[in-house]
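To start, the structure under review is shown below, and the notes come after it.
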Amino acid sequence: MSADRRPADDVDEIVAAWRRERPDLDVSPLEVLSRVSRLARRLDLARGSAFSEHLLDGWAFDVLSALRRAGEPYELSPGQLVQQTLVTSGTMTNRVDRLERSGFVDRRPDPGDRRGVLVRLTPAGRDVVDSAMADLIEQEKSLLSELSEADRAQLAALLRRMLVPLEKRETREAPEVRRAGPPA
(Lines give C-alpha, C1' and ligand atoms only; values in the text may rest on other atoms or scores of the structure.)
Protein backbone atom coordinates (compact mmCIF):
# COMPACT_ATOMS: atom_id res chain seq x y z
CA MET A 1 0.00 0.00 0.00
CA SER A 2 1.15 3.53 -0.70
CA ALA A 3 1.22 6.16 2.03
CA ASP A 4 -2.33 7.30 1.22
CA ARG A 5 -3.70 3.72 1.44
CA ARG A 6 -3.99 3.10 -2.30
CA PRO A 7 -2.64 -0.19 -3.63
CA ALA A 8 0.89 0.31 -4.94
CA ASP A 9 1.72 -0.50 -8.53
CA ASP A 10 4.99 -0.77 -10.45
CA VAL A 11 4.92 2.95 -11.21
CA ASP A 12 4.85 3.77 -7.50
CA GLU A 13 8.04 1.74 -7.11
CA ILE A 14 9.69 3.41 -10.10
CA VAL A 15 8.78 6.88 -8.85
CA ALA A 16 10.00 6.08 -5.35
CA ALA A 17 13.30 4.81 -6.73
CA TRP A 18 13.80 7.95 -8.84
CA ARG A 19 12.93 10.18 -5.90
CA ARG A 20 15.51 8.34 -3.83
CA GLU A 21 18.20 8.47 -6.53
CA ARG A 22 17.43 11.96 -7.90
CA PRO A 23 15.80 14.03 -5.15
CA ASP A 24 16.75 17.11 -7.17
CA LEU A 25 14.27 16.18 -9.96
CA ASP A 26 10.51 16.60 -9.86
CA VAL A 27 9.53 13.15 -11.14
CA SER A 28 5.80 13.67 -10.56
CA PRO A 29 5.03 13.54 -14.34
CA LEU A 30 6.00 9.86 -14.18
CA GLU A 31 3.07 9.22 -11.86
CA VAL A 32 0.67 10.08 -14.68
CA LEU A 33 2.51 9.49 -17.93
CA SER A 34 4.15 6.20 -17.00
CA ARG A 35 0.69 4.88 -16.18
CA VAL A 36 -0.68 6.23 -19.47
CA SER A 37 2.21 4.53 -21.27
CA ARG A 38 1.58 1.21 -19.53
CA LEU A 39 -2.13 1.44 -20.27
CA ALA A 40 -1.33 2.22 -23.92
CA ARG A 41 0.77 -0.94 -24.14
CA ARG A 42 -2.08 -2.97 -22.71
CA LEU A 43 -4.52 -1.31 -25.10
CA ASP A 44 -2.23 -2.16 -28.03
CA LEU A 45 -2.25 -5.79 -26.92
CA ALA A 46 -6.04 -5.76 -26.54
CA ARG A 47 -6.43 -4.17 -29.98
CA GLY A 48 -4.12 -6.75 -31.49
CA SER A 49 -6.10 -9.55 -29.89
CA ALA A 50 -9.45 -8.15 -31.05
CA PHE A 51 -8.20 -7.62 -34.60
CA SER A 52 -6.36 -10.92 -34.96
CA GLU A 53 -9.61 -12.75 -34.21
CA HIS A 54 -10.78 -11.29 -37.53
CA LEU A 55 -7.48 -11.74 -39.37
CA LEU A 56 -6.91 -7.98 -39.40
CA ASP A 57 -3.86 -5.91 -38.62
CA GLY A 58 -4.24 -2.60 -36.81
CA TRP A 59 -3.64 -0.62 -39.99
CA ALA A 60 -6.39 -2.57 -41.79
CA PHE A 61 -8.83 -1.90 -38.98
CA ASP A 62 -7.93 1.81 -39.05
CA VAL A 63 -8.70 2.10 -42.78
CA LEU A 64 -11.86 0.00 -42.60
CA SER A 65 -13.13 1.85 -39.54
CA ALA A 66 -12.52 5.23 -41.21
CA LEU A 67 -14.70 4.07 -44.10
CA ARG A 68 -17.35 2.68 -41.73
CA ARG A 69 -17.50 5.91 -39.70
CA ALA A 70 -18.02 7.88 -42.92
CA GLY A 71 -21.58 6.54 -43.07
CA GLU A 72 -23.53 5.45 -46.12
CA PRO A 73 -22.23 4.76 -48.75
CA TYR A 74 -19.07 4.05 -46.67
CA GLU A 75 -16.61 5.63 -49.05
CA LEU A 76 -13.83 8.19 -48.92
CA SER A 77 -11.18 9.47 -51.27
CA PRO A 78 -7.65 8.18 -50.76
CA GLY A 79 -6.71 11.70 -49.62
CA GLN A 80 -9.38 11.64 -46.93
CA LEU A 81 -8.10 8.25 -45.77
CA VAL A 82 -4.56 9.65 -45.60
CA GLN A 83 -5.79 12.53 -43.43
CA GLN A 84 -7.69 10.25 -41.09
CA THR A 85 -4.94 7.66 -40.66
CA LEU A 86 -1.88 9.92 -40.81
CA VAL A 87 0.09 7.90 -43.33
CA THR A 88 1.64 8.88 -46.65
CA SER A 89 -0.27 8.57 -49.90
CA GLY A 90 2.09 5.80 -51.03
CA THR A 91 1.42 3.84 -47.87
CA MET A 92 -2.32 4.33 -48.31
CA THR A 93 -2.18 3.09 -51.90
CA ASN A 94 -0.45 -0.07 -50.70
CA ARG A 95 -3.01 -0.55 -47.91
CA VAL A 96 -5.99 -0.04 -50.20
CA ASP A 97 -4.46 -2.49 -52.70
CA ARG A 98 -4.14 -5.12 -49.98
CA LEU A 99 -7.65 -4.53 -48.63
CA GLU A 100 -9.04 -4.69 -52.16
CA ARG A 101 -7.33 -8.06 -52.73
CA SER A 102 -8.91 -9.25 -49.47
CA GLY A 103 -12.34 -8.21 -50.74
CA PHE A 104 -12.88 -5.63 -47.96
CA VAL A 105 -12.86 -2.53 -50.19
CA ASP A 106 -13.25 -1.65 -53.82
CA ARG A 107 -12.41 1.40 -55.87
CA ARG A 108 -14.73 3.32 -58.14
CA PRO A 109 -14.36 6.49 -60.17
CA ASP A 110 -15.20 9.67 -58.29
CA PRO A 111 -18.24 11.16 -60.06
CA GLY A 112 -17.20 14.62 -58.86
CA ASP A 113 -13.61 14.38 -60.14
CA ARG A 114 -12.82 12.58 -63.40
CA ARG A 115 -9.23 11.98 -62.25
CA GLY A 116 -10.15 10.77 -58.76
CA VAL A 117 -11.28 7.53 -57.23
CA LEU A 118 -13.29 6.66 -54.16
CA VAL A 119 -12.54 3.76 -51.87
CA ARG A 120 -15.71 1.99 -50.77
CA LEU A 121 -16.25 -0.52 -47.99
CA THR A 122 -17.66 -3.80 -49.34
CA PRO A 123 -20.29 -5.81 -47.46
CA ALA A 124 -17.51 -8.21 -46.39
CA GLY A 125 -15.45 -5.24 -45.19
CA ARG A 126 -18.40 -3.87 -43.25
CA ASP A 127 -19.02 -7.25 -41.61
CA VAL A 128 -15.39 -7.68 -40.55
CA VAL A 129 -14.97 -4.12 -39.23
CA ASP A 130 -18.27 -4.32 -37.33
CA SER A 131 -17.28 -7.63 -35.72
CA ALA A 132 -13.78 -6.40 -34.90
CA MET A 133 -15.21 -3.20 -33.42
CA ALA A 134 -17.58 -5.16 -31.17
CA ASP A 135 -14.67 -7.29 -29.95
CA LEU A 136 -12.49 -4.22 -29.42
CA ILE A 137 -15.20 -2.57 -27.31
CA GLU A 138 -15.38 -5.67 -25.12
CA GLN A 139 -11.59 -5.61 -24.68
CA GLU A 140 -11.68 -1.92 -23.82
CA LYS A 141 -14.53 -2.39 -21.35
CA SER A 142 -12.41 -5.01 -19.63
CA LEU A 143 -9.50 -2.56 -19.36
CA LEU A 144 -11.83 0.00 -17.77
CA SER A 145 -13.69 -2.43 -15.53
CA GLU A 146 -12.15 -1.13 -12.31
CA LEU A 147 -13.56 2.35 -12.91
CA SER A 148 -17.09 3.51 -12.20
CA GLU A 149 -19.02 5.41 -14.88
CA ALA A 150 -18.25 8.65 -13.01
CA ASP A 151 -14.53 7.78 -12.88
CA ARG A 152 -14.54 7.01 -16.61
CA ALA A 153 -16.22 10.32 -17.39
CA GLN A 154 -13.75 12.19 -15.19
CA LEU A 155 -10.76 10.41 -16.73
CA ALA A 156 -12.06 11.09 -20.26
CA ALA A 157 -12.50 14.78 -19.41
CA LEU A 158 -9.00 15.05 -17.96
CA LEU A 159 -7.41 13.30 -20.93
CA ARG A 160 -9.38 15.49 -23.34
CA ARG A 161 -8.15 18.56 -21.44
CA MET A 162 -4.59 17.36 -22.01
CA LEU A 163 -5.03 16.34 -25.65
CA VAL A 164 -6.89 19.32 -27.09
CA PRO A 165 -4.07 21.85 -26.67
CA LEU A 166 -1.49 19.29 -27.85
CA GLU A 167 -3.50 18.56 -30.99
CA LYS A 168 -4.02 22.27 -31.67
CA ARG A 169 -0.29 22.93 -31.29
CA GLU A 170 0.59 20.02 -33.59
CA THR A 171 -1.87 21.27 -36.20
CA ARG A 172 -0.39 24.80 -36.02
CA GLU A 173 3.19 23.51 -36.23
CA ALA A 174 2.46 21.07 -39.05
CA PRO A 175 -0.73 22.23 -40.80
CA GLU A 176 -0.33 19.60 -43.51
CA VAL A 177 -0.96 16.92 -40.88
CA ARG A 178 -4.56 16.79 -39.78
CA ARG A 179 -5.71 15.21 -36.58
CA ALA A 180 -6.57 11.58 -36.96
CA GLY A 181 -9.93 10.39 -35.86
CA PRO A 182 -10.04 7.92 -33.06
CA PRO A 183 -8.36 4.66 -33.91
CA ALA A 184 -11.57 2.79 -33.50
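Residues in the C-alpha coordinates are numbered from 1 in each chain, the chains being A, B, ... in the order shown, and ligands are numbered from 1 in the order shown.
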With only C-alpha atoms as the counted atoms, please give the residues lying no more than 12 Å from Thr93 in chain A, apart from itself and same-chain residues fewer than 2 positions off, as a VMD selection string. chain A and resid 63 77 to 79 81 to 82 87 to 91 95 to 100 107 117 to 119
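You can rank A:Gln84, A:Leu144, A:Glu21, A:Ile137 by their closest distance to Leu39 in chain A using only C-alpha atoms, and at the top of that list sits A:Leu144.
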Can you measure CA of Gly125 in chain A to CA of Leu76 in chain A for me? One decimal in Å is fine.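 Result for CA of Gly125 in chain A versus CA of Leu76 in chain A: 14.0 Å, one decimal.
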Å distance separating CA of Phe61 in chain A from CA of Leu86 in chain A, one decimal place: 13.8 Å
